[in-house]
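*Asks:* Please see the structure below; I have some questions.
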Amino acid sequence: MSNQPSWHCVANYGDATPEEYGGQFLMIDRRGVYDPELWVYSEDEPNRFHCIILEQCHKIGYTEIGDNRFHPNKVAWFGSHEKLSSVSETMDIPLWKLIDQLCGNPYERAHAYHALAMYYGMCNFDHDPWIVGKKKALKIIRICKRQIAQASNWPDGFPA
């Protein structure tokens, strides 16, 4: 069996018509090998998807987080109290909630990582956006919408 991801879209955090107004699609690897990803499509860049890897974070003390399970005491580049507080204030998310979301399930992490990407810039989370033509972008969005409808039948929104 291949270790390549088998992506399935389980949620859209953007507009109901992402073709026109953009969307953020939560992608889950059905094989469970890869971390979930958030594919961000913007109407301002209609031929491009940004891919944010939704790594599971962990708390370091009460107000800092790390994203490296091999070095659990190392604070993530965005995980200091000062940086998280700035994101929290700017994005109007309580600090405790932002920290809990970054350490939570993929649905919660999608919201938190999107807030971080909006604050720090997509380029800090995706150095190599996926550039596709408009026709291919619309096809991907149609597939995501269909998969979201299928995912609603899964327990907890994940494949069994």
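In the structure tokens, the first chain shown is A, the next is B, and so on; residue numbers restart at 1 for each chain, and ligands run from 1 in the order shown.
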If you run DSSP on the backbone here, which positions in region 21-117 of chain A get strand (DSSP E or B)? Please write them as an mmCIF file with N, CA and C atoms, in the first residue's frame.

*Replies:*
```cif
data_model
loop_
_atom_site.group_PDB
_atom_site.id
_atom_site.type_symbol
_atom_site.label_atom_id
_atom_site.label_comp_id
_atom_site.auth_asym_id
_atom_site.auth_seq_id
_atom_site.Cartn_x
_atom_site.Cartn_y
_atom_site.Cartn_z
ATOM 1 N N GLY A 23 -12.704 30.257 -0.301
ATOM 2 C CA GLY A 23 -13.043 29.233 0.678
ATOM 3 C C GLY A 23 -11.805 28.636 1.306
ATOM 4 N N GLN A 24 -12.000 28.009 2.431
ATOM 5 C CA GLN A 24 -10.930 27.303 3.127
ATOM 6 C C GLN A 24 -11.422 25.874 3.330
ATOM 7 N N PHE A 25 -10.755 24.928 2.693
ATOM 8 C CA PHE A 25 -11.203 23.542 2.688
ATOM 9 C C PHE A 25 -10.330 22.698 3.609
ATOM 10 N N LEU A 26 -10.966 22.031 4.565
ATOM 11 C CA LEU A 26 -10.259 21.152 5.490
ATOM 12 C C LEU A 26 -10.113 19.787 4.836
ATOM 13 N N MET A 27 -8.869 19.375 4.627
ATOM 14 C CA MET A 27 -8.554 18.122 3.955
ATOM 15 C C MET A 27 -7.972 17.132 4.965
ATOM 16 N N ILE A 28 -8.513 15.913 4.959
ATOM 17 C CA ILE A 28 -8.068 14.856 5.860
ATOM 18 C C ILE A 28 -7.468 13.730 5.016
ATOM 19 N N ASP A 29 -6.321 13.214 5.434
ATOM 20 C CA ASP A 29 -5.727 12.051 4.783
ATOM 21 C C ASP A 29 -6.462 10.816 5.291
ATOM 22 N N GLU A 37 -4.719 19.172 6.328
ATOM 23 C CA GLU A 37 -4.296 20.405 5.663
ATOM 24 C C GLU A 37 -5.504 21.310 5.442
ATOM 25 N N LEU A 38 -5.232 22.602 5.380
ATOM 26 C CA LEU A 38 -6.253 23.583 5.025
ATOM 27 C C LEU A 38 -5.861 24.152 3.670
ATOM 28 N N TRP A 39 -6.705 23.911 2.669
ATOM 29 C CA TRP A 39 -6.467 24.446 1.332
ATOM 30 C C TRP A 39 -7.256 25.744 1.220
ATOM 31 N N VAL A 40 -6.555 26.841 1.032
ATOM 32 C CA VAL A 40 -7.180 28.166 0.999
ATOM 33 C C VAL A 40 -7.244 28.654 -0.442
ATOM 34 N N TYR A 41 -8.462 28.962 -0.875
ATOM 35 C CA TYR A 41 -8.714 29.484 -2.217
ATOM 36 C C TYR A 41 -9.261 30.892 -2.067
ATOM 37 N N SER A 42 -8.640 31.842 -2.760
ATOM 38 C CA SER A 42 -9.060 33.237 -2.663
ATOM 39 C C SER A 42 -9.560 33.733 -4.012
ATOM 40 N N GLU A 45 -6.948 35.564 -5.976
ATOM 41 C CA GLU A 45 -5.949 34.779 -6.698
ATOM 42 C C GLU A 45 -6.644 33.521 -7.233
ATOM 43 N N PRO A 46 -7.464 33.659 -8.271
ATOM 44 C CA PRO A 46 -8.342 32.568 -8.686
ATOM 45 C C PRO A 46 -7.644 31.341 -9.266
ATOM 46 N N ASN A 47 -6.358 31.392 -9.492
ATOM 47 C CA ASN A 47 -5.644 30.242 -10.045
ATOM 48 C C ASN A 47 -4.733 29.595 -9.015
ATOM 49 N N ARG A 48 -4.950 29.861 -7.728
ATOM 50 C CA ARG A 48 -3.991 29.455 -6.715
ATOM 51 C C ARG A 48 -4.675 28.905 -5.470
ATOM 52 N N PHE A 49 -4.092 27.846 -4.932
ATOM 53 C CA PHE A 49 -4.482 27.309 -3.634
ATOM 54 C C PHE A 49 -3.274 27.395 -2.711
ATOM 55 N N HIS A 50 -3.484 27.871 -1.505
ATOM 56 C CA HIS A 50 -2.446 27.826 -0.477
ATOM 57 C C HIS A 50 -2.739 26.612 0.401
ATOM 58 N N CYS A 51 -1.707 25.916 0.788
ATOM 59 C CA CYS A 51 -1.865 24.714 1.597
ATOM 60 C C CYS A 51 -1.186 24.930 2.951
ATOM 61 N N ILE A 52 -1.975 24.911 4.018
ATOM 62 C CA ILE A 52 -1.450 25.079 5.373
ATOM 63 C C ILE A 52 -1.524 23.729 6.075
ATOM 64 N N ILE A 53 -0.381 23.223 6.521
ATOM 65 C CA ILE A 53 -0.355 21.962 7.255
ATOM 66 C C ILE A 53 -0.800 22.244 8.686
ATOM 67 N N HIS A 58 1.046 21.603 21.126
ATOM 68 C CA HIS A 58 0.904 21.218 22.534
ATOM 69 C C HIS A 58 1.257 22.413 23.401
ATOM 70 N N LYS A 59 0.664 22.447 24.568
ATOM 71 C CA LYS A 59 0.881 23.575 25.478
ATOM 72 C C LYS A 59 2.228 23.440 26.184
ATOM 73 N N ILE A 60 2.875 24.587 26.333
ATOM 74 C CA ILE A 60 4.084 24.700 27.146
ATOM 75 C C ILE A 60 3.735 25.729 28.208
ATOM 76 N N GLU A 64 2.002 29.443 26.188
ATOM 77 C CA GLU A 64 2.888 29.226 25.047
ATOM 78 C C GLU A 64 2.582 27.855 24.464
ATOM 79 N N ILE A 65 2.946 27.691 23.180
ATOM 80 C CA ILE A 65 2.724 26.401 22.539
ATOM 81 C C ILE A 65 3.943 25.991 21.728
ATOM 82 N N GLY A 66 4.057 24.688 21.539
ATOM 83 C CA GLY A 66 5.080 24.114 20.679
ATOM 84 C C GLY A 66 4.403 23.305 19.588
#
```

*Asks:* So which residues touch Cys144 (chain A) within 9 Å, counting only C-alpha atoms, skipping near sequence neighbours fewer than 4 positions away, as an MDAnalysis selection string?

*Replies:* chainID A and resid 8:12 25 27 139:140 148:149

*Asks:* The selected residues should be written to file as an mmCIF file, in the first residue's frame (atoms: C-alpha atoms).

*Replies:*
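Okay, again-v6.cif is ready:
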```
data_model
loop_
_atom_site.group_PDB
_atom_site.id
_atom_site.type_symbol
_atom_site.label_atom_id
_atom_site.label_comp_id
_atom_site.auth_asym_id
_atom_site.auth_seq_id
_atom_site.Cartn_x
_atom_site.Cartn_y
_atom_site.Cartn_z
ATOM 1 C CA HIS A 8 -10.817 13.923 1.416
ATOM 2 C CA CYS A 9 -12.469 17.291 2.021
ATOM 3 C CA VAL A 10 -14.599 17.370 5.177
ATOM 4 C CA ALA A 11 -15.418 21.080 5.629
ATOM 5 C CA ASN A 12 -15.451 24.500 3.955
ATOM 6 C CA PHE A 25 -11.203 23.542 2.688
ATOM 7 C CA MET A 27 -8.554 18.122 3.955
ATOM 8 C CA LYS A 139 -13.116 21.356 -10.605
ATOM 9 C CA ILE A 140 -11.284 21.001 -7.273
ATOM 10 C CA ILE A 148 -18.174 17.527 2.216
ATOM 11 C CA ALA A 149 -21.683 16.163 1.598
#
```

*Asks:* Closest to Ile141 (chain A) among A:Gly32, A:Pro106, A:Gly14, A:Pro94, using only C-alpha atoms?

*Replies:*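 Under the stated criterion, the closest residue is A:Gly14.
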
*Asks:* Write out as a ChimeraX atom specification which residues come within 8 Å of Arg31 (chain A) when counting only C-alpha atoms, dropping same-chain ones fewer than 5 positions away.

*Replies:* /A:3,5-6

*Asks:* Can you check which residues of chain A DSSP gives as helix (DSSP H, G or I) on the backbone and send them as a VMD selection string?

*Replies:* chain A and resid 18 to 21 81 to 91 95 to 102 106 to 120 122 to 124 134 to 151 155 to 157

*Asks:* Return the single residue from A:Tyr119, A:Tyr113, A:Trp130, A:Phe125 that is closest to Glu89 (chain A), with distances computed using only C-alpha atoms.

*Replies:* A:Tyr119

*Asks:* Considering only C-alpha atoms, return as a list in words whatever protein or nucleic-acid residues lie within 9 Å of Ser80 (chain A), sequence-local ones (same chain, fewer than 2 positions apart) excluded.

*Replies:*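 The neighbour list is Thr63, Glu64, Ile65, Gly66, Val75, Ala76, Trp77, Phe78, Glu82, Lys83, Leu84 and Ser85 of chain A.
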
*Asks:* Save the residues we just selected, C-alpha atoms, as a PDB file, in the first residue's frame?

*Replies:*
```pdb
ATOM      1  CA  THR A  63       0.351  30.692  27.473  1.00  0.00           C
ATOM      2  CA  GLU A  64       2.888  29.226  25.047  1.00  0.00           C
ATOM      3  CA  ILE A  65       2.724  26.401  22.539  1.00  0.00           C
ATOM      4  CA  GLY A  66       5.080  24.114  20.679  1.00  0.00           C
ATOM      5  CA  VAL A  75       8.286  27.025  21.568  1.00  0.00           C
ATOM      6  CA  ALA A  76       6.991  27.270  17.986  1.00  0.00           C
ATOM      7  CA  TRP A  77       8.076  30.335  16.002  1.00  0.00           C
ATOM      8  CA  PHE A  78       4.545  31.716  16.445  1.00  0.00           C
ATOM      9  CA  GLU A  82       3.712  37.788  23.078  1.00  0.00           C
ATOM     10  CA  LYS A  83       3.078  36.560  19.514  1.00  0.00           C
ATOM     11  CA  LEU A  84      -0.061  34.614  20.374  1.00  0.00           C
ATOM     12  CA  SER A  85      -1.413  37.629  22.273  1.00  0.00           C
TER      13      SER A  85
END
```

*Asks:* CA of Met91 (chain A) and CA of Ala115 (chain A), how far apart in Å?

*Replies:*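 That distance, rounded to one decimal, is 6.6 Å.
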
*Asks:* Grab the CA of Leu54 (chain A) to CA of Ser86 (chain A) distance for me, in Å with one decimal place.

*Replies:*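 CA of Ser86 (chain A) lies 20.2 Å from CA of Leu54 (chain A).
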
*Asks:* Which value, in Å to one decimal, gives the distance between CA of Asn105 (chain A) and CA of Asn153 (chain A)?

*Replies:* 18.2 Å
